[in-house]
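Coordinates as given in target_15.txt (compact mmCIF, C-alpha atoms and all ligand atoms):
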# COMPACT_ATOMS: atom_id res chain seq x y z
CA MET T 1 -12.77 8.28 -10.45
CA LEU T 2 -9.28 7.81 -9.11
CA GLU T 3 -6.41 7.08 -11.46
CA ILE T 4 -3.43 5.12 -10.19
CA ASN T 5 -0.09 5.38 -11.95
CA CYS T 6 1.14 1.78 -12.16
CA PRO T 7 4.97 1.81 -12.39
CA PHE T 8 4.73 -0.94 -15.03
CA CYS T 9 1.64 0.06 -17.10
CA GLY T 10 1.17 3.81 -16.59
CA LYS T 11 -2.00 5.61 -15.51
CA ARG T 12 -5.03 3.35 -15.17
CA ALA T 13 -8.49 3.64 -13.63
CA GLN T 14 -8.78 2.59 -10.00
CA LYS T 15 -11.33 -0.11 -10.95
CA GLU T 16 -8.44 -2.12 -12.46
CA PHE T 17 -6.84 -2.40 -9.00
CA SER T 18 -7.68 -4.24 -5.80
CA TYR T 19 -6.69 -2.97 -2.37
CA VAL T 20 -4.33 -5.41 -0.63
CA GLY T 21 -3.57 -3.72 2.66
CA ASP T 22 -1.36 -1.55 4.80
CA ALA T 23 2.19 -1.34 3.40
CA SER T 24 3.74 -0.21 6.67
CA ILE T 25 3.41 -3.44 8.65
CA THR T 26 6.19 -6.02 8.75
CA ARG T 27 5.91 -9.73 9.41
CA PRO T 28 7.44 -10.78 12.77
CA ALA T 29 10.53 -12.99 12.67
CA PRO T 30 9.28 -16.52 13.54
CA GLU T 31 12.10 -17.38 15.93
CA GLU T 32 11.90 -14.13 17.90
CA SER T 33 8.16 -13.44 18.01
CA THR T 34 5.53 -13.89 20.69
CA ASP T 35 1.83 -14.63 20.36
CA GLY T 36 1.26 -10.93 21.02
CA ASP T 37 3.47 -9.99 18.06
CA TRP T 38 1.42 -12.28 15.78
CA PHE T 39 -1.88 -10.97 17.16
CA GLU T 40 -0.75 -7.44 16.38
CA PHE T 41 0.48 -8.42 12.89
CA VAL T 42 -2.74 -10.22 11.94
CA TYR T 43 -5.44 -8.11 13.61
CA LEU T 44 -4.30 -4.64 14.64
CA ARG T 45 -4.04 -1.75 12.20
CA ASP T 46 -3.49 1.95 12.66
CA ASN T 47 -6.13 4.26 11.25
CA PRO T 48 -4.05 7.30 10.32
CA ARG T 49 -5.44 10.58 9.04
CA GLY T 50 -3.53 11.93 6.03
CA PRO T 51 -0.87 10.27 3.85
CA HIS T 52 -0.67 6.49 4.18
CA ASP T 53 1.32 3.77 2.35
CA GLU T 54 -0.86 1.00 0.88
CA LEU T 55 -0.36 -2.08 -1.27
CA TRP T 56 -2.59 -2.47 -4.34
CA HIS T 57 -2.83 -5.37 -6.82
CA HIS T 58 -3.14 -4.43 -10.51
CA SER T 59 -5.60 -7.29 -10.94
CA SER T 60 -6.90 -6.24 -14.39
CA GLY T 61 -3.49 -5.25 -15.73
CA CYS T 62 0.02 -6.51 -15.11
CA ARG T 63 -1.13 -8.47 -11.99
CA ARG T 64 1.73 -7.06 -9.92
CA ILE T 65 1.61 -5.64 -6.41
CA ILE T 66 2.43 -1.93 -6.24
CA LYS T 67 2.85 0.53 -3.39
CA VAL T 68 0.63 3.61 -3.35
CA ARG T 69 1.02 6.60 -1.04
CA ARG T 70 -2.49 8.00 -0.70
CA ASP T 71 -4.00 10.71 1.45
CA VAL T 72 -6.91 8.90 3.11
CA VAL T 73 -8.75 12.19 3.74
CA THR T 74 -8.65 13.65 0.21
CA HIS T 75 -7.98 10.36 -1.70
CA GLU T 76 -5.15 12.14 -3.55
CA ILE T 77 -2.57 9.69 -4.90
CA ILE T 78 0.73 11.25 -3.85
CA ALA T 79 3.17 8.68 -5.26
CA THR T 80 3.34 5.12 -6.57
CA GLY T 81 6.16 2.61 -6.88
CA VAL T 82 7.21 -0.97 -6.39
CA PRO T 83 6.70 -2.44 -2.87
CA SER T 84 10.36 -1.97 -1.91
CA ASP T 85 10.23 1.79 -2.66
CA SER T 86 10.15 4.32 0.19
CA LEU T 87 7.41 6.65 -1.05
CA SER T 88 7.24 8.89 2.00
CA LYS T 89 10.50 10.58 0.99
CA SER T 90 9.12 11.42 -2.46
CA ALA T 91 5.90 12.93 -1.10
CA SER T 92 5.38 16.58 -1.92
ZN ZN V 101 0.28 -2.58 -13.94
Please lay out the structure from this file as structure tokens.
Amino acid sequence: MLEINCPFCGKRAQKEFSYVGDASITRPAPEESTDGDWFEFVYLRDNPRGPHDELWHHSSGCRRIIKVRRDVVTHEIIATGVPSDSLSKSAS
């Protein structure tokens, strides 16, 4: 079983968390966006191989959203932090 290190609670079992989504996408600015920008934001996702930033909800713990950098091939948790953190720089 995976363990995720919540920055607020410490190491917890993965079953306490719910996957929220890709942490690398950004919401288009309403005044400058096209229908194509919104289509891409809502429906299109990359499917990278290797390390990937994700958002997870600690639904059975502190109920906060955290950012997790996870290798989607090996499922290794590389780093965790708050959503504003840039985890790719701390990857090793
Ligand atoms: Zn927590």
Exercise for the section: Can you pull out every residue within 7 Å of segment 70-85 of chain T, counting all atoms listed in the file, but drop anything in the same chain fewer than 3 positions away, and send it as a list in words? Expected result: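 Contacts, in chain order: Asn5, Cys6, Pro7, Arg49, Gly50, Pro51, His52, Asp53, Ile65, Ile66, Lys67 and Ala91 of chain T.
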Listing only residues of chain T within 7 Å of ligand ZN 101 (chain V), what is the closest atom pair and its distance in Å (to one decimal) for each, using all atoms listed in the file, sorted by chain and residue number ascending, as a Markdown table?
| residue | atom | partner | partner_atom | distance |
| --- | --- | --- | --- | --- |
| T:Cys6 | CA | V:ZN101 | ZN | 4.8 |
| T:Pro7 | CA | V:ZN101 | ZN | 6.6 |
| T:Phe8 | CA | V:ZN101 | ZN | 4.9 |
| T:Cys9 | CA | V:ZN101 | ZN | 4.3 |
| T:Gly10 | CA | V:ZN101 | ZN | 7.0 |
| T:His58 | CA | V:ZN101 | ZN | 5.2 |
| T:Gly61 | CA | V:ZN101 | ZN | 5.0 |
| T:Cys62 | CA | V:ZN101 | ZN | 4.1 |
| T:Arg63 | CA | V:ZN101 | ZN | 6.4 |
| T:Arg64 | CA | V:ZN101 | ZN | 6.2 |
Practice task
Work out how far atom CA of Met1 of chain T is from atom CA of Arg45 of chain T, in Å to one decimal.
Solution key: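 Those two atoms sit 26.3 Å apart.
Nearest residue to Ala23 of chain T, choosing from T:Ile4, T:Lys11, T:Leu87, T:Ser60 and counting only C-alpha atoms: T:Leu87.
The spacing separating atom CA of Gly21 of chain T from atom CA of Glu54 of chain T amounts to 5.7 Å.
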Problem - Proximity to Ile25 of chain T - best of T:Leu2, T:Val68, T:Leu55, T:Ala13, all atoms listed in the file - result: T:Leu55
Which centre and edge lengths in Å to one decimal define the box along x, y and z that fits every listed atom of segment 25-31 of chain T plus 4 Å per side, as JSON?
{"center_x": 7.8, "center_y": -10.4, "center_z": 12.3, "size_x": 16.7, "size_y": 21.9, "size_z": 15.3}
Handout entry: Atomic separation - atom CA of Pro48 of chain T relative to atom CA of Pro28 of chain T, Å
Key =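 Computing it gives 21.6 Å between the two atoms.
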Residues near Ser59 of chain T, cut-off 7 Å, all atoms listed in the file, skip fewer than 5 positions along chain, as a PDB file with C-alpha atoms, in the frame of the given file:
ATOM      1  CA  GLU T  16      -8.440  -2.120 -12.460  1.00  0.00           C
ATOM      2  CA  PHE T  17      -6.840  -2.400  -9.000  1.00  0.00           C
ATOM      3  CA  SER T  18      -7.680  -4.240  -5.800  1.00  0.00           C
TER       4      SER T  18
END
